[in-house]
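File shown here: coords-v9.csv, holding CSV, C-alpha atoms.
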```
chain,number,residue,atom,x,y,z
A,1,MET,CA,52.5,-49.5,-72.4
A,2,THR,CA,54.2,-51.3,-75.3
A,3,THR,CA,57.8,-51.4,-76.4
A,4,SER,CA,59.4,-52.8,-79.6
A,5,ASN,CA,62.5,-54.9,-79.1
A,6,LEU,CA,63.5,-54.3,-82.8
A,7,ARG,CA,64.0,-50.5,-82.4
A,8,PRO,CA,67.6,-49.3,-81.7
A,9,LEU,CA,68.2,-48.0,-78.2
A,10,PRO,CA,68.3,-44.1,-78.0
A,11,GLU,CA,72.0,-44.0,-77.6
A,12,GLN,CA,72.5,-46.1,-80.7
A,13,ALA,CA,70.1,-44.1,-82.9
A,14,PRO,CA,71.0,-40.9,-84.8
A,15,ALA,CA,70.4,-37.8,-82.8
A,16,VAL,CA,67.0,-36.2,-83.2
A,17,HIS,CA,66.8,-32.4,-83.1
A,18,MET,CA,63.2,-31.9,-84.3
A,19,LEU,CA,59.9,-33.3,-83.1
A,20,ARG,CA,56.6,-33.0,-84.9
A,21,ILE,CA,53.9,-32.4,-82.2
A,22,LEU,CA,50.1,-32.8,-82.5
A,23,THR,CA,47.5,-32.1,-79.8
A,24,VAL,CA,43.8,-32.9,-80.1
A,25,ASN,CA,40.8,-33.2,-77.9
A,26,THR,CA,39.3,-36.4,-79.3
A,27,HIS,CA,35.8,-35.7,-77.9
A,28,LYS,CA,35.7,-39.4,-77.0
A,29,GLY,CA,35.8,-40.4,-80.7
A,30,PHE,CA,32.6,-38.5,-81.7
A,31,SER,CA,32.0,-35.7,-84.2
A,32,PRO,CA,30.7,-32.3,-83.0
A,33,LEU,CA,27.3,-32.6,-81.2
A,34,ASN,CA,28.0,-36.4,-80.9
A,35,ARG,CA,26.3,-37.0,-84.2
A,36,ARG,CA,28.7,-39.8,-85.5
A,37,PHE,CA,31.3,-42.1,-84.1
A,38,VAL,CA,34.4,-41.1,-86.1
A,39,LEU,CA,37.4,-42.6,-84.2
A,40,PRO,CA,38.5,-44.7,-87.3
A,41,GLU,CA,38.4,-41.6,-89.4
A,42,LEU,CA,40.3,-39.6,-86.8
A,43,ARG,CA,43.0,-42.3,-86.7
A,44,ASP,CA,43.4,-42.1,-90.5
A,45,ALA,CA,43.7,-38.3,-90.4
A,46,VAL,CA,46.2,-38.3,-87.5
A,47,ARG,CA,48.4,-40.9,-89.3
A,48,THR,CA,48.7,-38.6,-92.4
A,49,LEU,CA,50.6,-36.0,-90.2
A,50,GLU,CA,53.3,-38.4,-89.2
A,51,ALA,CA,53.6,-36.7,-85.8
A,52,ASP,CA,56.4,-38.0,-83.5
A,53,VAL,CA,54.4,-37.2,-80.3
A,54,VAL,CA,50.6,-36.9,-80.0
A,55,PHE,CA,48.9,-35.4,-77.0
A,56,LEU,CA,45.3,-36.6,-76.6
A,57,GLN,CA,42.6,-35.3,-74.3
A,58,GLU,CA,39.1,-36.7,-73.5
A,59,VAL,CA,40.1,-40.1,-74.8
A,60,LEU,CA,38.2,-43.2,-73.6
A,61,GLY,CA,39.8,-46.1,-71.9
A,62,ALA,CA,36.6,-48.0,-72.0
A,63,HIS,CA,32.8,-47.6,-72.4
A,64,LEU,CA,30.6,-50.6,-72.1
A,65,GLN,CA,27.4,-49.1,-73.5
A,66,HIS,CA,29.1,-47.6,-76.6
A,67,GLY,CA,30.8,-50.9,-77.2
A,68,ARG,CA,27.4,-52.6,-77.6
A,69,ARG,CA,25.9,-49.7,-79.5
A,70,TYR,CA,28.4,-49.1,-82.3
A,71,PRO,CA,29.5,-52.0,-84.6
A,72,ASN,CA,32.8,-50.4,-85.4
A,73,TRP,CA,33.7,-49.9,-81.8
A,74,SER,CA,37.3,-51.0,-80.9
A,75,ASP,CA,37.9,-53.7,-78.4
A,76,VAL,CA,41.0,-51.9,-77.2
A,77,PRO,CA,41.2,-48.5,-75.4
A,78,GLN,CA,40.9,-45.6,-77.8
A,79,TYR,CA,44.4,-44.4,-77.2
A,80,GLU,CA,45.7,-47.8,-78.2
A,81,PHE,CA,43.5,-47.9,-81.2
A,82,LEU,CA,44.8,-44.5,-82.3
A,83,ALA,CA,48.4,-45.6,-81.7
A,84,ASP,CA,48.0,-48.6,-83.9
A,85,SER,CA,51.4,-49.6,-85.4
A,86,MET,CA,52.6,-46.0,-85.8
A,87,TRP,CA,53.3,-45.1,-82.2
A,88,PRO,CA,54.8,-48.0,-80.4
A,89,GLU,CA,54.7,-46.2,-77.0
A,90,PHE,CA,51.8,-44.8,-75.2
A,91,ALA,CA,50.8,-43.6,-71.7
A,92,TYR,CA,47.3,-43.1,-70.3
A,93,GLY,CA,46.2,-40.9,-67.4
A,94,ARG,CA,42.7,-41.9,-66.2
A,95,ASN,CA,40.9,-38.7,-65.0
A,96,ALA,CA,37.2,-39.7,-64.9
A,97,VAL,CA,35.8,-43.1,-63.8
A,98,TYR,CA,32.0,-43.9,-64.1
A,99,PRO,CA,29.9,-47.1,-64.2
A,100,GLU,CA,30.2,-47.4,-68.0
A,101,GLY,CA,34.0,-46.8,-68.3
A,102,ASP,CA,36.6,-44.1,-68.0
A,103,HIS,CA,38.4,-41.3,-69.9
A,104,GLY,CA,41.4,-39.1,-69.5
A,105,ASN,CA,44.6,-37.9,-71.2
A,106,ALA,CA,47.0,-39.9,-73.3
A,107,LEU,CA,50.4,-39.6,-75.0
A,108,LEU,CA,51.4,-41.4,-78.1
A,109,SER,CA,55.2,-41.5,-78.9
A,110,LYS,CA,57.6,-42.8,-81.5
A,111,PHE,CA,60.3,-42.7,-78.8
A,112,PRO,CA,60.6,-44.7,-75.6
A,113,ILE,CA,58.6,-43.4,-72.6
A,114,ILE,CA,60.9,-43.8,-69.7
A,115,ARG,CA,58.3,-43.1,-67.1
A,116,HIS,CA,54.9,-41.4,-66.7
A,117,GLU,CA,52.7,-40.1,-63.9
A,118,ASN,CA,49.2,-38.7,-63.9
A,119,LEU,CA,48.6,-35.8,-61.5
A,120,ASP,CA,45.0,-35.4,-60.4
A,121,VAL,CA,44.2,-31.6,-60.5
A,122,SER,CA,40.5,-32.0,-60.0
A,123,VAL,CA,38.9,-29.3,-57.8
A,124,HIS,CA,35.9,-30.0,-55.6
A,125,GLY,CA,32.9,-30.6,-57.9
A,126,THR,CA,32.0,-32.8,-60.9
A,127,GLU,CA,34.9,-32.0,-63.3
A,128,GLN,CA,37.7,-34.6,-63.1
A,129,ARG,CA,40.9,-33.2,-64.6
A,130,GLY,CA,44.5,-34.3,-64.9
A,131,LEU,CA,48.1,-33.6,-66.0
A,132,LEU,CA,49.8,-36.5,-67.6
A,133,HIS,CA,53.6,-36.1,-67.1
A,134,SER,CA,55.7,-38.3,-69.3
A,135,VAL,CA,59.5,-38.5,-69.8
A,136,LEU,CA,60.8,-39.4,-73.3
A,137,ALA,CA,64.1,-40.9,-74.3
A,138,VAL,CA,64.9,-39.0,-77.5
A,139,PRO,CA,68.2,-39.9,-79.2
A,140,GLY,CA,70.9,-37.3,-78.7
A,141,GLN,CA,68.9,-35.4,-76.1
A,142,PRO,CA,68.7,-35.3,-72.4
A,143,GLU,CA,65.3,-36.3,-71.0
A,144,VAL,CA,62.4,-34.6,-72.9
A,145,HIS,CA,59.5,-33.9,-70.5
A,146,THR,CA,55.9,-33.7,-71.8
A,147,VAL,CA,52.7,-32.7,-70.0
A,148,CYS,CA,49.3,-33.5,-71.5
A,149,ALA,CA,46.8,-31.1,-69.9
A,150,HIS,CA,43.0,-30.9,-69.7
A,151,LEU,CA,41.9,-28.1,-67.4
A,152,GLY,CA,38.5,-27.1,-66.0
A,153,LEU,CA,35.7,-25.1,-67.4
A,154,ARG,CA,35.4,-22.8,-64.4
A,155,GLU,CA,37.8,-19.8,-64.1
A,156,HIS,CA,38.7,-20.4,-60.4
A,157,HIS,CA,39.3,-24.1,-61.1
A,158,ARG,CA,41.7,-23.3,-64.0
A,159,ARG,CA,43.6,-20.8,-61.9
A,160,GLN,CA,44.3,-23.4,-59.2
A,161,GLN,CA,45.1,-26.0,-61.9
A,162,LEU,CA,47.5,-23.6,-63.7
A,163,GLY,CA,49.2,-23.1,-60.4
A,164,LEU,CA,49.7,-26.8,-60.0
A,165,LEU,CA,51.0,-27.1,-63.6
A,166,GLY,CA,53.5,-24.3,-62.8
A,167,GLU,CA,54.6,-26.2,-59.7
A,168,LEU,CA,55.2,-29.3,-61.8
A,169,VAL,CA,57.2,-27.5,-64.4
A,170,ASP,CA,59.2,-25.7,-61.7
A,171,SER,CA,60.1,-29.1,-60.2
A,172,LEU,CA,61.7,-30.3,-63.5
A,173,PRO,CA,65.4,-29.9,-64.2
A,174,GLY,CA,66.0,-26.4,-65.5
A,175,ASP,CA,68.0,-27.4,-68.6
A,176,VAL,CA,65.8,-30.1,-70.2
A,177,PRO,CA,63.2,-29.5,-73.0
A,178,VAL,CA,59.6,-29.3,-71.7
A,179,ILE,CA,56.5,-29.5,-74.0
A,180,VAL,CA,53.1,-28.8,-72.5
A,181,ALA,CA,50.1,-29.2,-74.7
A,182,GLY,CA,46.3,-29.8,-74.4
A,183,ASP,CA,42.9,-28.4,-73.8
A,184,PHE,CA,43.3,-25.5,-71.4
A,185,ASN,CA,39.7,-24.2,-71.7
A,186,ASP,CA,41.3,-20.8,-71.4
A,187,TRP,CA,38.7,-18.7,-73.3
A,188,ARG,CA,39.8,-15.6,-71.3
A,189,GLN,CA,43.4,-16.0,-72.5
A,190,ARG,CA,45.0,-15.7,-69.1
A,191,ALA,CA,47.2,-18.8,-69.1
A,192,ASP,CA,50.1,-17.3,-71.1
A,193,GLY,CA,51.1,-14.8,-68.3
A,194,LEU,CA,50.9,-17.5,-65.6
A,195,MET,CA,52.9,-20.0,-67.7
A,196,ALA,CA,55.6,-17.4,-68.4
A,197,ARG,CA,56.5,-17.4,-64.7
A,198,CYS,CA,57.9,-20.9,-65.1
A,199,GLY,CA,59.6,-20.2,-68.4
A,200,LEU,CA,56.9,-21.6,-70.7
A,201,GLU,CA,56.1,-19.8,-74.0
A,202,GLU,CA,53.0,-20.5,-76.1
A,203,VAL,CA,53.9,-21.3,-79.7
A,204,PHE,CA,51.0,-19.5,-81.4
A,205,SER,CA,51.3,-16.5,-79.2
A,206,ALA,CA,55.0,-16.3,-80.0
A,207,ALA,CA,54.4,-16.6,-83.8
A,208,PHE,CA,51.1,-14.6,-84.2
A,209,GLY,CA,50.7,-12.6,-81.0
A,210,LYS,CA,47.8,-14.7,-79.6
A,211,PRO,CA,46.8,-18.3,-79.1
A,212,ALA,CA,45.1,-20.2,-81.9
A,213,ARG,CA,41.3,-20.3,-82.2
A,214,SER,CA,40.3,-23.9,-81.7
A,215,PHE,CA,36.7,-24.1,-80.6
A,216,PRO,CA,34.1,-24.9,-81.8
A,217,ALA,CA,35.7,-26.9,-84.6
A,218,ARG,CA,33.2,-25.9,-87.4
A,219,TRP,CA,33.6,-22.1,-86.7
A,220,PRO,CA,36.6,-21.6,-84.4
A,221,LEU,CA,36.1,-18.6,-82.2
A,222,LEU,CA,37.6,-19.4,-78.8
A,223,CYS,CA,41.3,-20.0,-78.0
A,224,LEU,CA,41.0,-23.1,-75.8
A,225,ASP,CA,43.9,-25.3,-76.8
A,226,ARG,CA,47.6,-24.5,-76.3
A,227,ILE,CA,51.2,-25.7,-76.9
A,228,TYR,CA,53.9,-24.4,-74.5
A,229,LEU,CA,57.6,-24.9,-74.7
A,230,ARG,CA,60.6,-24.4,-72.5
A,231,ASN,CA,64.2,-24.9,-73.6
A,232,ALA,CA,63.0,-25.5,-77.2
A,233,THR,CA,61.9,-23.5,-80.2
A,234,ALA,CA,58.9,-23.8,-82.5
A,235,THR,CA,58.4,-23.4,-86.3
A,236,ALA,CA,55.3,-23.9,-88.5
A,237,PRO,CA,52.5,-23.8,-85.9
A,238,ARG,CA,49.2,-24.8,-87.5
A,239,ALA,CA,45.6,-24.9,-86.4
A,240,LEU,CA,44.0,-27.7,-88.5
A,241,SER,CA,40.6,-26.1,-89.0
A,242,ARG,CA,39.7,-27.4,-92.4
A,243,LYS,CA,38.1,-30.8,-93.5
A,244,PRO,CA,38.4,-33.5,-92.4
A,245,TRP,CA,39.5,-32.1,-89.0
A,246,SER,CA,36.5,-29.8,-88.6
A,247,HIS,CA,34.2,-32.9,-88.7
A,248,LEU,CA,36.3,-35.2,-86.4
A,249,SER,CA,36.0,-33.5,-83.0
A,250,ASP,CA,34.5,-30.4,-81.4
A,251,HIS,CA,38.1,-29.0,-81.1
A,252,VAL,CA,40.5,-28.0,-83.8
A,253,PRO,CA,43.8,-30.0,-83.5
A,254,LEU,CA,47.1,-28.0,-83.2
A,255,ALA,CA,50.4,-29.0,-84.8
A,256,VAL,CA,53.9,-27.6,-84.6
A,257,GLU,CA,57.5,-28.5,-85.2
A,258,VAL,CA,59.6,-28.4,-82.0
A,259,HIS,CA,63.4,-27.9,-82.3
A,260,LEU,CA,65.5,-29.2,-79.5
```
Starting from the file, give its structure as structure tokens.
Amino acid sequence: MTTSNLRPLPEQAPAVHMLRILTVNTHKGFSPLNRRFVLPELRDAVRTLEADVVFLQEVLGAHLQHGRRYPNWSDVPQYEFLADSMWPEFAYGRNAVYPEGDHGNALLSKFPIIRHENLDVSVHGTEQRGLLHSVLAVPGQPEVHTVCAHLGLREHHRRQQLGLLGELVDSLPGDVPVIVAGDFNDWRQRADGLMARCGLEEVFSAAFGKPARSFPARWPLLCLDRIYLRNATATAPRALSRKPWSHLSDHVPLAVEVHL
């Protein structure tokens, strides 16, 4: 995690009442069907949105074989490469570890990350999943809590993981803003009801009556990715389904303005 000594402390900076949020499953830096390594192009595209907080899923911390195979492979972890000079703070939650490297969830932030913790929500089997809980110091606000989620492919796994996510949200102070975003793999669209029990509202469901179609990126049919809020409101939710986004991952990124 990095911190700039030149930025004003939160209590010295002007109050912030709106955050631009982006969530994207990076597909480990590869295009759909793993045809091309596109992480540099993805970084360029993400930078154009000028998001304040970026939720990343399936981002590589390291991969030894890929590093030897691709000449434009970064020497730093993918989340650090994406952060570059635009997001001075980042947190990483390692979910899967294998001989070649590791991957997990990450959060990029323009505001200080006070603390973070990765909750392992893997269920018995081969899928390693996690919830990366980070606490941000946003000027003029109490603590802003974020959870970057990547849930399982199996229905009974997701139900258990949604229960753990609900327990995490219920454990947070009742009056602070909470932003939960990521790849829920919820193609049956059952998460909204479960999340409502802990006060979370999905931004696309609130605006359009149903979650955004986000998979597969070229022809989005399934509603897999979500952004949930508590003690905050949303405007301008967008599913970024056109070029270049449709060629930079197998998931469509979601963006929204969150008002605190």
Quick one: residues within 12 Å of Ser122 in chain A, all atoms listed in the file counted, chain neighbours fewer than 3 positions away excluded, as a JSON list (two decimals) with C-alpha atoms, in the coordinates of the input?
```
[["chain", "number", "residue", "atom", "x", "y", "z"],
["A", 94, "ARG", "CA", 42.70, -41.90, -66.20],
["A", 95, "ASN", "CA", 40.90, -38.70, -65.00],
["A", 96, "ALA", "CA", 37.20, -39.70, -64.90],
["A", 104, "GLY", "CA", 41.40, -39.10, -69.50],
["A", 118, "ASN", "CA", 49.20, -38.70, -63.90],
["A", 119, "LEU", "CA", 48.60, -35.80, -61.50],
["A", 125, "GLY", "CA", 32.90, -30.60, -57.90],
["A", 126, "THR", "CA", 32.00, -32.80, -60.90],
["A", 127, "GLU", "CA", 34.90, -32.00, -63.30],
["A", 128, "GLN", "CA", 37.70, -34.60, -63.10],
["A", 129, "ARG", "CA", 40.90, -33.20, -64.60],
["A", 130, "GLY", "CA", 44.50, -34.30, -64.90],
["A", 131, "LEU", "CA", 48.10, -33.60, -66.00],
["A", 149, "ALA", "CA", 46.80, -31.10, -69.90],
["A", 150, "HIS", "CA", 43.00, -30.90, -69.70],
["A", 151, "LEU", "CA", 41.90, -28.10, -67.40],
["A", 152, "GLY", "CA", 38.50, -27.10, -66.00],
["A", 153, "LEU", "CA", 35.70, -25.10, -67.40],
["A", 154, "ARG", "CA", 35.40, -22.80, -64.40],
["A", 156, "HIS", "CA", 38.70, -20.40, -60.40],
["A", 157, "HIS", "CA", 39.30, -24.10, -61.10],
["A", 158, "ARG", "CA", 41.70, -23.30, -64.00],
["A", 159, "ARG", "CA", 43.60, -20.80, -61.90],
["A", 160, "GLN", "CA", 44.30, -23.40, -59.20],
["A", 161, "GLN", "CA", 45.10, -26.00, -61.90],
["A", 162, "LEU", "CA", 47.50, -23.60, -63.70],
["A", 164, "LEU", "CA", 49.70, -26.80, -60.00]]
```
Which range 55-144 of chain A residues have any atom within 6 Å of an atom of range 27-49 of chain A, and for each, what is the nearest pair of atoms with distance in Å to one decimal, counting all atoms listed in the file, rows sorted by chain and number, as CSV?
```
residue,atom,partner,partner_atom,distance
A:Glu58,CA,A:Lys28,CA,5.6
A:Val59,CA,A:Lys28,CA,5.0
A:Leu60,CA,A:Lys28,CA,5.7
A:Leu82,CA,A:Arg43,CA,5.2
```
Write out as a JSON list (two decimals) with C-alpha atoms, keeping the file's coordinate frame which residues come within 9 Å of Ser109 in chain A when counting all atoms listed in the file, dropping same-chain ones fewer than 2 positions away.
```
[["chain", "number", "residue", "atom", "x", "y", "z"],
["A", 51, "ALA", "CA", 53.60, -36.70, -85.80],
["A", 52, "ASP", "CA", 56.40, -38.00, -83.50],
["A", 53, "VAL", "CA", 54.40, -37.20, -80.30],
["A", 54, "VAL", "CA", 50.60, -36.90, -80.00],
["A", 55, "PHE", "CA", 48.90, -35.40, -77.00],
["A", 83, "ALA", "CA", 48.40, -45.60, -81.70],
["A", 86, "MET", "CA", 52.60, -46.00, -85.80],
["A", 87, "TRP", "CA", 53.30, -45.10, -82.20],
["A", 88, "PRO", "CA", 54.80, -48.00, -80.40],
["A", 89, "GLU", "CA", 54.70, -46.20, -77.00],
["A", 90, "PHE", "CA", 51.80, -44.80, -75.20],
["A", 91, "ALA", "CA", 50.80, -43.60, -71.70],
["A", 107, "LEU", "CA", 50.40, -39.60, -75.00],
["A", 111, "PHE", "CA", 60.30, -42.70, -78.80],
["A", 112, "PRO", "CA", 60.60, -44.70, -75.60],
["A", 113, "ILE", "CA", 58.60, -43.40, -72.60],
["A", 136, "LEU", "CA", 60.80, -39.40, -73.30]]
```
**Asked** Please, what distance in Å, to one decimal, runs between CA of Asn25 in chain A and CA of Asn105 in chain A?
**Response** 9.0 Å
**Point-to-point distance in Å for CA of Gly101 in chain A and CA of Arg68 in chain A** =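 These atoms are spaced 12.8 Å apart.
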**Message:** Between CA of Leu22 in chain A and CA of Leu56 in chain A, what distance in Å does the model show, to one decimal?
**Reply:** 8.5 Å
**Prompt:** Arg190 in chain A: which residues within 12 Å, counting all atoms listed in the file, same-chain residues fewer than 3 positions away excluded, as a ChimeraX atom specification?
**Reply:** /A:155-156,158-159,162,184-187,193-196,202,205,210-211,223-224,226
**Residue contacts of range 236-247 of chain A (6 Å, only C-alpha atoms) excluding same-chain residues fewer than 5 positions away, as a PyMOL selection string** = chain A and resi 31+217-218+252-256
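With only C-alpha atoms as the atoms that count, the residue of A:Glu80, A:Asn72, A:Gly61, A:Ser85 with the shortest distance to Tyr98 in chain A is A:Gly61.
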**Asked** From the set A:Gln57, A:Gln189, A:Asn231, A:Gln65, which residue has the shortest atom-to-atom contact distance to Leu108 in chain A, counting all atoms listed in the file?
**Response**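 That would be A:Gln57, the residue with the smallest distance to Leu108 in chain A.
Considering all atoms listed in the file, the residue among A:His133, A:His251, A:His103, A:His63 positioned nearest to Leu165 in chain A is A:His133.
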Could you add the missing atoms to range 201-226 of chain A, up to N, CA and C atoms, and return them as a JSON list (two decimals), in the frame of the given file?
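File result_39.json, as written:
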```
[["chain", "number", "residue", "atom", "x", "y", "z"],
["A", 201, "GLU", "N", 56.60, -20.72, -73.01],
["A", 201, "GLU", "CA", 56.10, -19.80, -74.00],
["A", 201, "GLU", "C", 55.18, -20.53, -74.97],
["A", 202, "GLU", "N", 54.03, -19.92, -75.26],
["A", 202, "GLU", "CA", 53.00, -20.50, -76.10],
["A", 202, "GLU", "C", 53.41, -20.31, -77.57],
["A", 203, "VAL", "N", 53.36, -21.36, -78.39],
["A", 203, "VAL", "CA", 53.90, -21.30, -79.70],
["A", 203, "VAL", "C", 53.14, -20.38, -80.67],
["A", 204, "PHE", "N", 51.82, -20.37, -80.57],
["A", 204, "PHE", "CA", 51.00, -19.50, -81.40],
["A", 204, "PHE", "C", 51.10, -18.06, -80.98],
["A", 205, "SER", "N", 51.13, -17.83, -79.69],
["A", 205, "SER", "CA", 51.30, -16.50, -79.20],
["A", 205, "SER", "C", 52.63, -15.89, -79.61],
["A", 206, "ALA", "N", 53.68, -16.73, -79.58],
["A", 206, "ALA", "CA", 55.00, -16.30, -80.00],
["A", 206, "ALA", "C", 55.04, -15.94, -81.49],
["A", 207, "ALA", "N", 54.33, -16.74, -82.30],
["A", 207, "ALA", "CA", 54.40, -16.60, -83.80],
["A", 207, "ALA", "C", 53.39, -15.54, -84.27],
["A", 208, "PHE", "N", 52.21, -15.47, -83.64],
["A", 208, "PHE", "CA", 51.10, -14.60, -84.20],
["A", 208, "PHE", "C", 50.58, -13.60, -83.22],
["A", 209, "GLY", "N", 51.10, -13.56, -82.00],
["A", 209, "GLY", "CA", 50.70, -12.60, -81.00],
["A", 209, "GLY", "C", 49.48, -13.00, -80.18],
["A", 210, "LYS", "N", 48.89, -14.16, -80.44],
["A", 210, "LYS", "CA", 47.80, -14.70, -79.60],
["A", 210, "LYS", "C", 47.63, -16.16, -79.86],
["A", 211, "PRO", "N", 46.99, -16.87, -78.94],
["A", 211, "PRO", "CA", 46.80, -18.30, -79.10],
["A", 211, "PRO", "C", 45.86, -18.57, -80.32],
["A", 212, "ALA", "N", 45.88, -19.83, -80.78],
["A", 212, "ALA", "CA", 45.10, -20.20, -81.90],
["A", 212, "ALA", "C", 43.60, -20.38, -81.52],
["A", 213, "ARG", "N", 42.71, -20.01, -82.43],
["A", 213, "ARG", "CA", 41.30, -20.30, -82.20],
["A", 213, "ARG", "C", 41.04, -21.76, -82.52],
["A", 214, "SER", "N", 40.44, -22.44, -81.57],
["A", 214, "SER", "CA", 40.30, -23.90, -81.70],
["A", 214, "SER", "C", 38.96, -24.46, -81.35],
["A", 215, "PHE", "N", 37.99, -23.61, -80.99],
["A", 215, "PHE", "CA", 36.70, -24.10, -80.60],
["A", 215, "PHE", "C", 35.60, -23.10, -80.90],
["A", 216, "PRO", "N", 34.43, -23.56, -81.39],
["A", 216, "PRO", "CA", 34.10, -24.90, -81.80],
["A", 216, "PRO", "C", 34.76, -25.23, -83.19],
["A", 217, "ALA", "N", 34.93, -26.49, -83.49],
["A", 217, "ALA", "CA", 35.70, -26.90, -84.60],
["A", 217, "ALA", "C", 35.16, -26.36, -85.96],
["A", 218, "ARG", "N", 33.83, -26.32, -86.09],
["A", 218, "ARG", "CA", 33.20, -25.90, -87.40],
["A", 218, "ARG", "C", 33.46, -24.40, -87.62],
["A", 219, "TRP", "N", 33.39, -23.59, -86.55],
["A", 219, "TRP", "CA", 33.60, -22.10, -86.70],
["A", 219, "TRP", "C", 34.43, -21.68, -85.50],
["A", 220, "PRO", "N", 35.74, -21.90, -85.53],
["A", 220, "PRO", "CA", 36.60, -21.60, -84.40],
["A", 220, "PRO", "C", 36.57, -20.15, -83.95],
["A", 221, "LEU", "N", 36.17, -19.91, -82.73],
["A", 221, "LEU", "CA", 36.10, -18.60, -82.20],
["A", 221, "LEU", "C", 36.94, -18.43, -80.90],
["A", 222, "LEU", "N", 36.95, -19.46, -80.07],
["A", 222, "LEU", "CA", 37.60, -19.40, -78.80],
["A", 222, "LEU", "C", 38.96, -20.07, -78.81],
["A", 223, "CYS", "N", 39.90, -19.49, -78.06],
["A", 223, "CYS", "CA", 41.30, -20.00, -78.00],
["A", 223, "CYS", "C", 41.40, -20.92, -76.77],
["A", 224, "LEU", "N", 41.04, -22.19, -76.93],
["A", 224, "LEU", "CA", 41.00, -23.10, -75.80],
["A", 224, "LEU", "C", 42.24, -24.00, -75.68],
["A", 225, "ASP", "N", 42.85, -24.34, -76.81],
["A", 225, "ASP", "CA", 43.90, -25.30, -76.80],
["A", 225, "ASP", "C", 45.29, -24.61, -76.97],
["A", 226, "ARG", "N", 46.32, -25.20, -76.37],
["A", 226, "ARG", "CA", 47.60, -24.50, -76.30],
["A", 226, "ARG", "C", 48.77, -25.53, -76.49]]
```
